[in-house]
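Notes follow once the structure below has been shown.
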Amino acid sequence: MRFRRLRASAALVFALAATRIAGTEPELVRTVVVSDELKVGISRGDLVFLFAKPLPGEGINAFVRRFTDDLQTKERVLRVNQLSDVLKAGSFLRVPYELLSGNYKRIAFEALFPDDRAEKGAWIHKVAGISGEPESLWTIAEWLTGDGGRYRDIRQFNKLASLLTERGQEIRVPVTLLLPAFRSAVAALETEEPSPLTFGHDEKGAFASYRLKKGEALYSAVVIRFTGLLHAADVNAEAQKIAGRSGISDVRSIPAGFEVRITPADLLPEYRPADDPERRQYERSLLESAQFVSRIRAENLRGVTVVLDPGHGGRDTGAVVGGVAEAAYCYDLALRIRATLEARSQAKVILTVSDADLRLPASRDVLDFTSGASVMTHPPYPIVDSSAGVHLRWYLANAIFAMAEKKNRDDPRVIFLSIHADSLHPSVRGAMLYIPGEKYLRESFSKSGDIYQARLEYRQAPRVRFSRRERLASEGTSRQLAESMVEELRRADLPVHPFHPIRENVVRSGREWVPAVLRYNRIPARVLLEVCNLNNDEDRALLQTSRYRDRVAAAVVASLAEFCGDSDPARRAVRKR
Ligand SMILES: [Zn+2]
């Protein structure tokens, strides 16, 4: 039996290639759901198809461009789906693997073969045989390099005596042969630092281990870095848990070189082993949200509306630490950012909150409490209830966005920036940004009650709705905006959280969420800047200097220009200041 299969193998691979050209539509033997709008199927004979739902109002050209990047494939897509040229929203269309753009090839491939991985110098394909027979070298070459004929190179590279593959066998496809989308996965690995963690098993189960370096403390070097926890109670509890697991009696005096053991389930996804399902899901979500990034292109921010949202205000002071009230400093920062934007760009600036007592940034370093703030809805809402204060901000933001959409449906050009100061474990330092993580957003949401009903912005659109594509687009777009901000803050030598300055969600007391002002906001480019940590003595002292607040404002303005692709030399001068 084995001998017969061996002899037949070469003929078999070519026969399969021929079926593919004929474009038949064989029955699927396995389908993997990627999302509500995406599925991947594989048939006997290893033909792979992506199934995608057209978006409401999406025409065939837009659909084809989205999934194949090449309008010339339109005829084939229509033929495969037996369509003339009208799309039915809501029903899945089939796109053959070989027509897909690089990114969608990778999404489809990784969905079907979750055991595949990138390694130094190669993509490792684990033969799965999901369609009945182990996939041939020819098929593997076609999927990963775009050319089945490359099976010879792959065979040579793996020093394979036989052309036959077996389930579970690992086939290495060298980086030089890979399609760009797979090559970039290997390249990303090479620029990445090697993991500082090693993994093992003891009588208590699996663990990740880390050896403390000289001068490193358990809180910052281990808990905050690897588990992503930030709030004091969470950080302390995890430190105790790790201490127990590692046989540490006093967490404040651990010798350098000591091996600390962490439960793998407590690690951030990116620190988990390469084959961990949560890590793979996290990587897939990054890839998926990057598909829909819509950047604003505007020289000198012309035509761009920047919505600045100073956190808290009125009766809502925000965090108060050592007499420093978050609200007063957020408002001052917003005024500085507005002044810089108005002096140096053509952006239109709108503040969500206005405090009649304060019109210009204070020349003083230390600021007093203020209580005059109102959310600038129609009519304004003098902030009494902090929750209503928050919800009315996103209603206002959505009204501003709707207006921009009315003017320019394809390119509304609005950026939303909420400004806060955090109160975290005292060892955490520097700025951090929250973005709307796709999986924490809902399909629709609405508030009710008199406070809302009385306001125009609410009555215009009481319920907000998001499609999955919009949720993905906002995560991807907001991440780019946040990356620009981190870059400019670092360039200006301002303190930035060293490990994970950009986060898709807040984690606290075992719960995870996106702040409401981002969660229900329709502006695709939206971030919440935690400018510093009030519980950190150095951060708190810095916030109480007008020079620091000016430098933050300059860096934020530079980052908005950078996000909008501005190459104006005047902008660069702002950056260097
Ligand atoms: Zn706050």
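In the structure tokens, the first chain shown is A, the next is B, and so on; residue numbers restart at 1 for each chain, and ligands run from 1 in the order shown.
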
Against region 103-107 of chain A, which residues of region 253-306 of chain A fall within 9 Å? For each one I want the closest pair of atoms and the distance in Å (one decimal), counting only C-alpha atoms, rows by chain and increasing residue number, as CSV.
```
residue,atom,partner,partner_atom,distance
A:Arg284,CA,A:Ile107,CA,7.4
A:Leu287,CA,A:Ile107,CA,7.9
A:Glu288,CA,A:Ile107,CA,7.7
A:Gln291,CA,A:Asn103,CA,7.7
```

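Residues of region 110-208 of chain A that DSSP places in strand (DSSP E), based on the backbone of this structure, are Arg117, Ala118, Glu119, Ala122, Trp123, Ile124, His125, Lys126, Glu170, Ile171, Arg172, Val173, Pro174, Thr198, Phe199, Gly200, His201, Asp202, Gly205, Ala206, Phe207 and Ala208 of chain A.
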
Q. Using only C-alpha atoms and all ligand atoms, which protein or nucleic acid residues are at most 8 Å from ligand 1, as a list in words?
A. Gly311, His312, Gly318, Ala319, Glu326, Ala327, Ile419, His420, Ala421, Asp422 and Glu530 of chain A

Write to file, as a CSV table (one decimal), in the first residue's frame, the residues of the selection just made, with N, CA, C and O atoms.
```csv
chain,number,residue,atom,x,y,z
A,311,GLY,N,-10.9,65.0,30.5
A,311,GLY,CA,-11.6,64.1,31.4
A,311,GLY,C,-12.1,64.8,32.6
A,311,GLY,O,-11.5,65.7,33.1
A,312,HIS,N,-13.3,64.3,33.1
A,312,HIS,CA,-13.9,64.8,34.3
A,312,HIS,C,-14.3,66.3,34.2
A,312,HIS,O,-14.5,66.8,33.2
A,318,GLY,N,-12.3,63.7,39.1
A,318,GLY,CA,-11.4,62.6,38.7
A,318,GLY,C,-10.6,62.2,39.9
A,318,GLY,O,-11.0,62.5,41.0
A,319,ALA,N,-9.5,61.6,39.7
A,319,ALA,CA,-8.6,61.1,40.8
A,319,ALA,C,-8.1,62.3,41.5
A,319,ALA,O,-7.8,63.3,40.9
A,326,GLU,N,-7.2,65.5,39.1
A,326,GLU,CA,-7.0,65.1,37.7
A,326,GLU,C,-7.7,66.1,36.8
A,326,GLU,O,-7.1,66.5,35.8
A,327,ALA,N,-9.0,66.4,37.1
A,327,ALA,CA,-9.8,67.2,36.2
A,327,ALA,C,-9.1,68.6,35.8
A,327,ALA,O,-9.1,69.0,34.6
A,419,ILE,N,-8.4,63.1,27.4
A,419,ILE,CA,-7.2,63.4,28.2
A,419,ILE,C,-7.5,63.1,29.6
A,419,ILE,O,-8.4,63.6,30.2
A,420,HIS,N,-6.7,62.2,30.2
A,420,HIS,CA,-6.8,61.8,31.6
A,420,HIS,C,-5.5,61.7,32.3
A,420,HIS,O,-4.4,61.7,31.6
A,421,ALA,N,-5.5,61.5,33.6
A,421,ALA,CA,-4.3,61.1,34.3
A,421,ALA,C,-4.7,59.9,35.2
A,421,ALA,O,-5.7,60.0,35.9
A,422,ASP,N,-3.9,58.9,35.2
A,422,ASP,CA,-4.2,57.6,35.8
A,422,ASP,C,-3.9,57.6,37.3
A,422,ASP,O,-3.1,58.4,37.8
A,530,GLU,N,-3.7,58.6,28.9
A,530,GLU,CA,-3.5,58.8,30.3
A,530,GLU,C,-2.1,59.4,30.4
A,530,GLU,O,-1.1,58.7,30.1
```

Q | Selection: 10 Å around Val86 (chain A), only C-alpha atoms, excl. self and same-chain fewer than 5 positions, as a PyMOL selection string | A | chain A and resi 58-60+78

Q.
Let me make sure I understand: among A:Pro26, A:Gly129, A:Gly149, A:Pro426, which one has the smallest atom-to-atom distance to Val235 (chain A) if we use only C-alpha atoms?
A. A:Pro426

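Pairwise distance (CA of Glu562 (chain A), CA of Tyr331 (chain A)) equals 23.6 Å.
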
Q: Please measure the separation of CA of Ile350 (chain A) and CA of Leu308 (chain A), giving the value in Å to one decimal.
A: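 Separating CA of Ile350 (chain A) from CA of Leu308 (chain A) is a distance of 6.1 Å.
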
Please list as an mmCIF file with all heavy atoms, in the first residue's frame every residue within 9 Å of Ser448 (chain A), counting only C-alpha atoms and excluding residues in the same chain fewer than 4 positions away.
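Everything below was put into part_30.cif:
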```
data_model
loop_
_atom_site.group_PDB
_atom_site.id
_atom_site.type_symbol
_atom_site.label_atom_id
_atom_site.label_comp_id
_atom_site.auth_asym_id
_atom_site.auth_seq_id
_atom_site.Cartn_x
_atom_site.Cartn_y
_atom_site.Cartn_z
ATOM 1 N N TYR A 452 -30.688 62.789 29.112
ATOM 2 C CA TYR A 452 -30.319 62.571 27.705
ATOM 3 C C TYR A 452 -31.392 63.140 26.775
ATOM 4 O O TYR A 452 -31.096 63.859 25.828
ATOM 5 C CB TYR A 452 -30.111 61.080 27.444
ATOM 6 C CG TYR A 452 -29.024 60.520 28.341
ATOM 7 C CD1 TYR A 452 -29.331 59.808 29.498
ATOM 8 C CD2 TYR A 452 -27.679 60.762 28.055
ATOM 9 C CE1 TYR A 452 -28.338 59.325 30.335
ATOM 10 C CE2 TYR A 452 -26.678 60.284 28.886
ATOM 11 C CZ TYR A 452 -27.014 59.566 30.028
ATOM 12 O OH TYR A 452 -26.029 59.113 30.855
ATOM 13 N N GLN A 453 -32.642 62.785 27.097
ATOM 14 C CA GLN A 453 -33.778 63.195 26.267
ATOM 15 C C GLN A 453 -33.804 64.713 26.064
ATOM 16 O O GLN A 453 -34.227 65.197 25.018
ATOM 17 C CB GLN A 453 -35.077 62.722 26.947
ATOM 18 C CG GLN A 453 -36.289 62.693 26.054
ATOM 19 C CD GLN A 453 -36.134 61.730 24.882
ATOM 20 O OE1 GLN A 453 -35.748 60.583 25.049
ATOM 21 N NE2 GLN A 453 -36.425 62.207 23.668
ATOM 22 N N PRO A 462 -30.181 58.501 19.287
ATOM 23 C CA PRO A 462 -30.140 57.938 20.646
ATOM 24 C C PRO A 462 -29.402 56.604 20.725
ATOM 25 O O PRO A 462 -28.824 56.283 21.747
ATOM 26 C CB PRO A 462 -31.618 57.757 21.004
ATOM 27 C CG PRO A 462 -32.365 57.825 19.715
ATOM 28 C CD PRO A 462 -31.546 58.645 18.776
#
```

Q | Residue nearest Arg364 (chain A) among A:Leu534, A:Arg549, A:Ser386, A:Leu230 (counting only C-alpha atoms) | A |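 Between A:Leu534, A:Arg549, A:Ser386, A:Leu230, the residue approaching Arg364 (chain A) most closely is A:Arg549.
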
Distance table requested - region 323-428 of chain A against region 514-521 of chain A, cut-off 12 Å, only C-alpha atoms: one row per qualifying residue with the closest atom pair and its distance in Å to one decimal, ordered by chain and rising residue number, as JSON lines.
```
{"residue": "A:Thr352", "atom": "CA", "partner": "A:Val517", "partner_atom": "CA", "distance": 11.1}
{"residue": "A:Ser386", "atom": "CA", "partner": "A:Ala516", "partner_atom": "CA", "distance": 11.8}
{"residue": "A:Ser387", "atom": "CA", "partner": "A:Ala516", "partner_atom": "CA", "distance": 9.3}
{"residue": "A:Ala388", "atom": "CA", "partner": "A:Ala516", "partner_atom": "CA", "distance": 10.8}
{"residue": "A:Gly389", "atom": "CA", "partner": "A:Val517", "partner_atom": "CA", "distance": 9.8}
{"residue": "A:Val390", "atom": "CA", "partner": "A:Val517", "partner_atom": "CA", "distance": 6.2}
{"residue": "A:His391", "atom": "CA", "partner": "A:Val517", "partner_atom": "CA", "distance": 6.6}
{"residue": "A:Leu392", "atom": "CA", "partner": "A:Val517", "partner_atom": "CA", "distance": 8.8}
{"residue": "A:Arg393", "atom": "CA", "partner": "A:Val517", "partner_atom": "CA", "distance": 6.6}
{"residue": "A:Trp394", "atom": "CA", "partner": "A:Asn521", "partner_atom": "CA", "distance": 5.2}
{"residue": "A:Tyr395", "atom": "CA", "partner": "A:Asn521", "partner_atom": "CA", "distance": 7.5}
{"residue": "A:Leu396", "atom": "CA", "partner": "A:Asn521", "partner_atom": "CA", "distance": 9.1}
{"residue": "A:Ala397", "atom": "CA", "partner": "A:Asn521", "partner_atom": "CA", "distance": 6.7}
{"residue": "A:Asn398", "atom": "CA", "partner": "A:Asn521", "partner_atom": "CA", "distance": 6.1}
{"residue": "A:Ala399", "atom": "CA", "partner": "A:Asn521", "partner_atom": "CA", "distance": 9.9}
{"residue": "A:Ile400", "atom": "CA", "partner": "A:Asn521", "partner_atom": "CA", "distance": 10.6}
{"residue": "A:Phe401", "atom": "CA", "partner": "A:Asn521", "partner_atom": "CA", "distance": 9.2}
{"residue": "A:Ala402", "atom": "CA", "partner": "A:Asn521", "partner_atom": "CA", "distance": 11.2}
{"residue": "A:Val414", "atom": "CA", "partner": "A:Asn521", "partner_atom": "CA", "distance": 11.7}
{"residue": "A:Ile415", "atom": "CA", "partner": "A:Asn521", "partner_atom": "CA", "distance": 11.0}
{"residue": "A:Phe416", "atom": "CA", "partner": "A:Leu518", "partner_atom": "CA", "distance": 8.8}
{"residue": "A:Leu417", "atom": "CA", "partner": "A:Leu518", "partner_atom": "CA", "distance": 9.3}
{"residue": "A:Ser418", "atom": "CA", "partner": "A:Val517", "partner_atom": "CA", "distance": 7.9}
{"residue": "A:Ile419", "atom": "CA", "partner": "A:Val517", "partner_atom": "CA", "distance": 10.8}
{"residue": "A:His420", "atom": "CA", "partner": "A:Pro515", "partner_atom": "CA", "distance": 11.4}
```

Q: Name the residues in contact with Val375 (chain A) at a cut-off of 6 Å, using only C-alpha atoms, excluding same-chain residues fewer than 2 positions from it; report them as a PyMOL selection string.
A: chain A and resi 352-353+377+380-381

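The space between CA of Met432 (chain A) and CA of Thr317 (chain A) spans 20.2 Å.
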
Q: Would you mind listing what lies within 8 Å of Ser354 (chain A) as a ChimeraX atom specification, with only C-alpha atoms counted and same-chain residues fewer than 4 positions away left out?
A: /A:372-376

Just write the chosen residues, C-alpha atoms, as a PDB file, in the first residue's frame.
```
ATOM      1  CA  GLY A 372     -17.539  75.272  36.357  1.00  0.00           C
ATOM      2  CA  ALA A 373     -17.252  72.616  33.649  1.00  0.00           C
ATOM      3  CA  SER A 374     -20.159  71.634  31.389  1.00  0.00           C
ATOM      4  CA  VAL A 375     -20.367  69.142  28.528  1.00  0.00           C
ATOM      5  CA  MET A 376     -21.017  71.250  25.417  1.00  0.00           C
TER       6      MET A 376
END
```

(Q) Which residues are close to Asn61 (chain A), i.e. within 12 Å by only C-alpha atoms, leaving aside same-chain residues fewer than 6 positions away? Reply as a ChimeraX atom specification. (A) /A:54,67-75,77-78,85-87

Could you turn the residues from that selection into a file that holds C-alpha atoms, as a PDB file, in the first residue's frame?
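So the final result, stored in selection.pdb, reads:
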```pdb
ATOM      1  CA  PRO A  54     -20.378  41.901   1.170  1.00  0.00           C
ATOM      2  CA  PHE A  67     -10.368  40.779  -0.883  1.00  0.00           C
ATOM      3  CA  THR A  68      -8.077  40.438  -3.883  1.00  0.00           C
ATOM      4  CA  ASP A  69      -6.478  43.875  -4.278  1.00  0.00           C
ATOM      5  CA  ASP A  70      -6.874  43.322  -8.011  1.00  0.00           C
ATOM      6  CA  LEU A  71      -9.919  44.312 -10.034  1.00  0.00           C
ATOM      7  CA  GLN A  72      -8.846  42.015 -12.871  1.00  0.00           C
ATOM      8  CA  THR A  73      -9.966  39.059 -10.770  1.00  0.00           C
ATOM      9  CA  LYS A  74     -13.565  40.327 -10.914  1.00  0.00           C
ATOM     10  CA  GLU A  75     -14.622  38.060 -13.791  1.00  0.00           C
ATOM     11  CA  VAL A  77     -15.071  35.981  -8.697  1.00  0.00           C
ATOM     12  CA  LEU A  78     -18.343  36.496 -10.560  1.00  0.00           C
ATOM     13  CA  ASP A  85     -22.656  41.742 -11.261  1.00  0.00           C
ATOM     14  CA  VAL A  86     -25.128  42.483  -8.486  1.00  0.00           C
ATOM     15  CA  LEU A  87     -24.152  41.545  -4.952  1.00  0.00           C
TER      16      LEU A  87
END
```

Q | Pick from A:Arg315, A:Arg429, A:Ile383, A:Ser478, whichever lies nearest to Asp537 (chain A) using only C-alpha atoms | A |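 Result for the nearest residue to Asp537 (chain A): A:Arg429.
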
Q: Name the residues of region 121-255 of chain A that come out as helix (DSSP H, G or I) in a backbone DSSP run; write them as a ChimeraX atom specification.
A: /A:137-145,148-157,180-191,218-227,232-246

Q | Nearest to Ile130 (chain A) by atom-to-atom distance, counting only C-alpha atoms, from A:Gly45, A:Gly146, A:Gly323, A:Gly228 | A |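 Looking only at the distances to Ile130 (chain A), the closest residue turns out to be A:Gly45.
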
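Each of A:Cys532, A:Val464, A:Ala325, A:Val307 was compared to Leu560 (chain A) using only C-alpha atoms, and A:Val307 turns out to be the nearest.
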